[in-house]
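Colleague: Sending over a structure as structure tokens; questions will come in a sec.
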Amino acid sequence: MQVTPAAVRILAELLEEFTGQELTQTRQWRVGTALSSVMREHDCADLNALAARIAGNYRSPLARQVVEALLNNETYFFRDLAVFQDLQDTVLPALAQARAEKRRLSIWCAGCSTGQEALSLAMMLAENTAIWNDWQVEILATDVSESAIRSARKGCYNQFQIQRGLDIARMLRWFTETEDGWVASEKLRNRITYVTHNILETPPTTRRFDLVLCRNVLLYFDTATRKKAYARLDSALAEDGYLLLGGGEAVRGHTGLFMPEKGRPSFQRPAAASARSGADAMAAVR
Amino acid sequence: MKTCLIVDDSRVIRKVSRHLLEAMGFAVSEAADGKEALEACDAAMPDVILLDWNMPVMSGIDFLGQLRARPDGDATKVVFCTTENDVAHIKAAIEAGANEYVMKPFDQETLQIKLQLVGVA
């Protein structure tokens, strides 16, 4: 059955209200698949029937379930190997030098999905004892999806998830095979705090982060919402910190608050005050 | 062009793997067991070998032992690709000289990343 424009509008409104994300044309083709189990569970014959059930009642548990199902939780360990190599070889050593006195490092994974990115960072830091051994390293990992955060807290991955991006030596070193799947070691999990949070809201802590990873998240926002998200990220980042975006995501044309790092386009640095445009400065919390 | 030898007794697996690897730009050859694979390696050592565990004539782990014993047998990367998915098998493979391990079933992206991890993709 054809999905009516009214049903698409309801789903789009719902997603935007909860997450700020756009239900773009390119995402609409997968809506039926994403919501199939929700439709089955609630005896809805099609998307039109489901949309009718949630219309005008966006605070219902069903509406929340629909939002969770619409979110794309695609992620994997060490996604974009070259970027993680850059982190290990250049960015983290630079931060270690800059923070050598306090020996404290704060990292925020904004849009952490089911936890693989935060665990990848935790592994890298735990393996590099020569630098980080006696440091206080905190990783805050947040996502707008409650179910993704619940899953991340468990730190348990099925066969498909565990071998996506993770080399076999690290899998054996940091994960234990159980009946439920491969479980991350306590040493890694203890380094990470998982919190449900929308990056369009006030940052989850007043502390400034040295490194913020927000990869493949902003692409789901329209231009105005993306600008607001950049302002939030800017307000959470230390003035000499790094913002890491996903491959192919660029700040140019979207915000004047950040400038790409020379030679490393995925890494952004806070722009100098003089370079910030009036509109960006107004949007910024800093 | 990088070369890959698929060693698997299943014609279907070889066909599917060939399809994935050719899409990644590899020149692909095939062997149905360890003995055939050793002969292929003696003729021309590939850049990477995708290796099944359970095969007739010569198993994957026996093949790997003999490959690594050859004078030039260390240069090629070996990725086990098997349904033997328990820790004991994985550790045995690594001890025998495997560079990576893919648990079946897998998808193209997983295989591609594993090949990146061993430096051939």
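Residue numbers start at 1 in each chain; chains themselves are named A, B, ... in the order of the structure tokens; ligands are numbered from 1 in the order shown.
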Using only C-alpha atoms, select each residue of chain B with any atom at most 6 Å away from an atom of chain A, and give the selection as a PyMOL selection string.
Modeller: chain B and resi 100+110+113
Colleague: Would you mind exporting C-alpha atoms of the selected residues as a compact mmCIF listing (two decimals), in the first residue's frame?
Modeller:
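Contents of out-v1.txt, as written:
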```txt
# COMPACT_ATOMS: atom_id res chain seq x y z
CA GLU B 100 43.58 -12.33 10.77
CA THR B 110 33.80 -6.97 7.28
CA ILE B 113 38.20 -4.11 6.75
```
Colleague: Find the spatial neighbours of region 141-143 of chain A, counting only C-alpha atoms, within a cut-off of 7 Å - ignore same-chain residues fewer than 4 positions away - and output them as a list in words.
Modeller: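 Counting only C-alpha atoms, the residues come to Trp108, Cys109, Ala110, Gly111, Cys112, Ser113, Ala118, Ile149, Ile192, Thr193, Tyr194, Val195, Thr196, His197 and Asn198 of chain A.
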Colleague: Those same residues, written as a JSON list (two decimals), in the first residue's frame with N, CA and C atoms?
Modeller:
```json
[["chain", "number", "residue", "atom", "x", "y", "z"],
["A", 108, "TRP", "N", 34.58, 13.18, 24.66],
["A", 108, "TRP", "CA", 33.13, 13.02, 24.52],
["A", 108, "TRP", "C", 32.84, 12.37, 23.16],
["A", 109, "CYS", "N", 32.22, 11.21, 23.20],
["A", 109, "CYS", "CA", 31.72, 10.59, 21.97],
["A", 109, "CYS", "C", 30.25, 10.97, 21.85],
["A", 110, "ALA", "N", 29.95, 11.96, 21.02],
["A", 110, "ALA", "CA", 28.58, 12.45, 20.87],
["A", 110, "ALA", "C", 27.92, 11.70, 19.71],
["A", 111, "GLY", "N", 26.92, 10.89, 20.02],
["A", 111, "GLY", "CA", 26.32, 10.02, 19.00],
["A", 111, "GLY", "C", 27.08, 8.71, 18.96],
["A", 112, "CYS", "N", 27.18, 8.08, 20.13],
["A", 112, "CYS", "CA", 28.06, 6.90, 20.26],
["A", 112, "CYS", "C", 27.40, 5.61, 19.81],
["A", 113, "SER", "N", 26.09, 5.67, 19.53],
["A", 113, "SER", "CA", 25.35, 4.48, 19.12],
["A", 113, "SER", "C", 25.56, 3.35, 20.15],
["A", 118, "ALA", "N", 33.48, 4.39, 21.36],
["A", 118, "ALA", "CA", 34.04, 4.68, 22.69],
["A", 118, "ALA", "C", 34.98, 3.56, 23.14],
["A", 149, "ILE", "N", 21.97, 3.20, 23.98],
["A", 149, "ILE", "CA", 22.73, 3.40, 25.23],
["A", 149, "ILE", "C", 22.61, 2.16, 26.13],
["A", 192, "ILE", "N", 34.31, 4.29, 30.61],
["A", 192, "ILE", "CA", 33.30, 4.97, 29.79],
["A", 192, "ILE", "C", 32.02, 5.17, 30.59],
["A", 193, "THR", "N", 31.48, 6.39, 30.52],
["A", 193, "THR", "CA", 30.17, 6.66, 31.11],
["A", 193, "THR", "C", 29.18, 6.87, 29.97],
["A", 194, "TYR", "N", 28.13, 6.07, 29.96],
["A", 194, "TYR", "CA", 27.12, 6.18, 28.89],
["A", 194, "TYR", "C", 25.90, 6.94, 29.40],
["A", 195, "VAL", "N", 25.46, 7.91, 28.62],
["A", 195, "VAL", "CA", 24.30, 8.73, 29.01],
["A", 195, "VAL", "C", 23.43, 8.99, 27.77],
["A", 196, "THR", "N", 22.10, 8.91, 27.96],
["A", 196, "THR", "CA", 21.19, 9.29, 26.88],
["A", 196, "THR", "C", 21.14, 10.82, 26.81],
["A", 197, "HIS", "N", 21.41, 11.36, 25.64],
["A", 197, "HIS", "CA", 21.51, 12.82, 25.51],
["A", 197, "HIS", "C", 21.39, 13.22, 24.04],
["A", 198, "ASN", "N", 20.71, 14.33, 23.82],
["A", 198, "ASN", "CA", 20.56, 14.88, 22.47],
["A", 198, "ASN", "C", 21.56, 16.02, 22.30]]
```
Colleague: Find the residues near Val48 (chain B): any atom within 6 Å, counting only C-alpha atoms, skip ones fewer than 5 places away on the same chain, and give them as a ChimeraX atom specification.
Modeller: /B:4,76-78
Colleague: Residues of region 50-116 of chain B that have any atom at most 12 Å from an atom of region 31-36 of chain B: could you tabulate them with the shortest-distance atom pair and the distance in Å to one decimal, using only C-alpha atoms, ordered by chain and increasing number, as a Markdown table?
Modeller:
```
| residue | atom | partner | partner_atom | distance |
| --- | --- | --- | --- | --- |
| B:Leu50 | CA | B:Ala31 | CA | 10.2 |
| B:Leu51 | CA | B:Gly34 | CA | 8.8 |
| B:Asp52 | CA | B:Asp33 | CA | 8.5 |
| B:Trp53 | CA | B:Gly34 | CA | 9.3 |
| B:Asn54 | CA | B:Asp33 | CA | 8.8 |
| B:Met55 | CA | B:Asp33 | CA | 5.6 |
| B:Pro56 | CA | B:Asp33 | CA | 6.2 |
| B:Val57 | CA | B:Asp33 | CA | 6.4 |
| B:Met58 | CA | B:Gly34 | CA | 4.6 |
| B:Ser59 | CA | B:Gly34 | CA | 5.8 |
| B:Gly60 | CA | B:Gly34 | CA | 5.9 |
| B:Ile61 | CA | B:Gly34 | CA | 8.6 |
| B:Asp62 | CA | B:Gly34 | CA | 7.4 |
| B:Phe63 | CA | B:Gly34 | CA | 4.9 |
| B:Leu64 | CA | B:Gly34 | CA | 8.3 |
| B:Gly65 | CA | B:Gly34 | CA | 10.4 |
| B:Gln66 | CA | B:Gly34 | CA | 9.3 |
| B:Leu67 | CA | B:Gly34 | CA | 9.6 |
```
Colleague: Keeping C-alpha atoms for every residue in the selection just given, could you write it to a file as a PDB file, in the first residue's frame?
Modeller:
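Result file selection20.pdb:
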```pdb
ATOM      1  CA  LEU B  50      41.642 -16.502   2.383  1.00  0.00           C
ATOM      2  CA  LEU B  51      41.764 -19.838   4.172  1.00  0.00           C
ATOM      3  CA  ASP B  52      39.061 -22.272   5.271  1.00  0.00           C
ATOM      4  CA  TRP B  53      39.757 -24.611   8.208  1.00  0.00           C
ATOM      5  CA  ASN B  54      38.008 -27.896   7.443  1.00  0.00           C
ATOM      6  CA  MET B  55      38.930 -29.278   4.039  1.00  0.00           C
ATOM      7  CA  PRO B  56      39.670 -32.747   2.633  1.00  0.00           C
ATOM      8  CA  VAL B  57      43.235 -33.860   1.780  1.00  0.00           C
ATOM      9  CA  MET B  58      44.887 -31.110   3.862  1.00  0.00           C
ATOM     10  CA  SER B  59      43.220 -28.863   6.446  1.00  0.00           C
ATOM     11  CA  GLY B  60      43.710 -25.116   6.607  1.00  0.00           C
ATOM     12  CA  ILE B  61      45.811 -25.270   9.771  1.00  0.00           C
ATOM     13  CA  ASP B  62      48.119 -27.958   8.285  1.00  0.00           C
ATOM     14  CA  PHE B  63      48.469 -25.896   5.129  1.00  0.00           C
ATOM     15  CA  LEU B  64      49.367 -22.815   7.172  1.00  0.00           C
ATOM     16  CA  GLY B  65      52.097 -24.707   9.060  1.00  0.00           C
ATOM     17  CA  GLN B  66      53.660 -25.881   5.796  1.00  0.00           C
ATOM     18  CA  LEU B  67      53.319 -22.466   4.169  1.00  0.00           C
TER      19      LEU B  67
END
```
Colleague: Of the candidates A:Gly241, A:Gly32, A:Pro270, A:Gly181, which one gets nearest to Asp46 (chain A) if we count only C-alpha atoms?
Modeller: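 Checking each candidate against Asp46 (chain A), we get A:Gly32 as the closest.
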Colleague: Write out as a PDB file with C-alpha atoms, in the first residue's frame the set of residues from chain B that DSSP, computed on the backbone, places in strand (DSSP E or B).
Modeller:
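Wrote part_1.pdb, looks like this:
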```pdb
ATOM      1  CA  THR B   3      46.537 -11.188  -5.735  1.00  0.00           C
ATOM      2  CA  CYS B   4      44.363 -13.356  -3.494  1.00  0.00           C
ATOM      3  CA  LEU B   5      44.168 -17.129  -3.288  1.00  0.00           C
ATOM      4  CA  ILE B   6      40.863 -18.502  -1.973  1.00  0.00           C
ATOM      5  CA  VAL B   7      41.315 -21.886  -0.308  1.00  0.00           C
ATOM      6  CA  ALA B  27      43.164 -10.808  -9.020  1.00  0.00           C
ATOM      7  CA  VAL B  28      41.723 -14.031  -7.631  1.00  0.00           C
ATOM      8  CA  SER B  29      42.773 -17.677  -7.892  1.00  0.00           C
ATOM      9  CA  GLU B  30      41.241 -20.704  -6.167  1.00  0.00           C
ATOM     10  CA  ALA B  31      42.225 -23.965  -4.499  1.00  0.00           C
ATOM     11  CA  VAL B  48      46.897 -12.720   0.650  1.00  0.00           C
ATOM     12  CA  ILE B  49      45.245 -16.075   1.242  1.00  0.00           C
ATOM     13  CA  LEU B  50      41.642 -16.502   2.383  1.00  0.00           C
ATOM     14  CA  LEU B  51      41.764 -19.838   4.172  1.00  0.00           C
ATOM     15  CA  LYS B  77      49.141 -12.566   4.601  1.00  0.00           C
ATOM     16  CA  VAL B  78      46.762 -15.284   5.729  1.00  0.00           C
ATOM     17  CA  VAL B  79      43.189 -14.594   6.785  1.00  0.00           C
ATOM     18  CA  PHE B  80      41.348 -17.586   8.193  1.00  0.00           C
ATOM     19  CA  CYS B  81      37.754 -17.615   7.055  1.00  0.00           C
ATOM     20  CA  THR B  82      35.854 -20.361   8.823  1.00  0.00           C
ATOM     21  CA  GLU B 100      43.584 -12.329  10.774  1.00  0.00           C
ATOM     22  CA  TYR B 101      40.466 -14.370  11.379  1.00  0.00           C
ATOM     23  CA  VAL B 102      37.007 -13.954   9.888  1.00  0.00           C
ATOM     24  CA  MET B 103      34.128 -15.883  11.404  1.00  0.00           C
TER      25      MET B 103
END
```
Colleague: Fewer than 4 positions away in the same chain doesn't count, so skip those; otherwise give me all residues within 12 Å of Ile199 (chain A), counting only C-alpha atoms, as an mmCIF file with C-alpha atoms, in the first residue's frame.
Modeller:
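around.cif was written with the following content:
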```cif
data_model
loop_
_atom_site.group_PDB
_atom_site.id
_atom_site.type_symbol
_atom_site.label_atom_id
_atom_site.label_comp_id
_atom_site.auth_asym_id
_atom_site.auth_seq_id
_atom_site.Cartn_x
_atom_site.Cartn_y
_atom_site.Cartn_z
ATOM 1 C CA PHE A 18 12.523 14.053 19.518
ATOM 2 C CA THR A 19 15.902 14.222 17.817
ATOM 3 C CA GLY A 20 16.090 17.283 15.559
ATOM 4 C CA GLN A 21 16.830 14.938 12.673
ATOM 5 C CA TRP A 108 33.128 13.018 24.516
ATOM 6 C CA CYS A 109 31.719 10.585 21.967
ATOM 7 C CA ALA A 110 28.576 12.451 20.865
ATOM 8 C CA GLY A 111 26.323 10.023 19.003
ATOM 9 C CA CYS A 112 28.062 6.898 20.264
ATOM 10 C CA ALA A 141 29.590 8.509 25.453
ATOM 11 C CA THR A 142 26.121 9.815 24.619
ATOM 12 C CA ASP A 143 23.373 9.048 22.167
ATOM 13 C CA VAL A 144 19.796 10.187 21.662
ATOM 14 C CA SER A 145 18.685 6.557 21.399
ATOM 15 C CA VAL A 195 24.300 8.733 29.008
ATOM 16 C CA PRO A 203 26.097 19.700 26.826
ATOM 17 C CA PRO A 204 25.831 16.924 29.432
ATOM 18 C CA THR A 205 28.487 18.482 31.663
ATOM 19 C CA VAL A 212 34.887 15.511 20.901
ATOM 20 C CA LEU A 213 33.922 12.861 18.378
ATOM 21 C CA CYS A 214 30.686 13.552 16.533
ATOM 22 C CA VAL A 217 25.537 12.483 13.191
ATOM 23 C CA LEU A 218 25.259 16.044 11.872
ATOM 24 C CA PHE A 221 20.215 17.654 10.508
ATOM 25 C CA THR A 225 19.757 22.619 13.151
ATOM 26 C CA ARG A 226 23.311 21.704 12.172
ATOM 27 C CA LYS A 227 24.404 25.239 12.981
ATOM 28 C CA LYS A 228 22.843 24.899 16.415
ATOM 29 C CA ALA A 229 24.570 21.540 16.938
ATOM 30 C CA TYR A 230 27.948 23.065 16.031
ATOM 31 C CA ALA A 231 27.329 25.793 18.610
ATOM 32 C CA ARG A 232 26.612 23.150 21.254
ATOM 33 C CA LEU A 233 29.751 21.230 20.349
ATOM 34 C CA ASP A 234 31.774 24.427 20.372
ATOM 35 C CA SER A 235 30.538 25.254 23.869
ATOM 36 C CA ALA A 236 31.654 21.823 25.097
#
```
Colleague: Which residues are near Met259 (chain A)? Cut-off 8 Å, only C-alpha atoms, ignore same chain within fewer than 5 positions. Put them as a list in words.
Modeller: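 In the requested format, the answer is Val251, Arg252, Gln268, Arg269, Pro270 and Ala271 of chain A.
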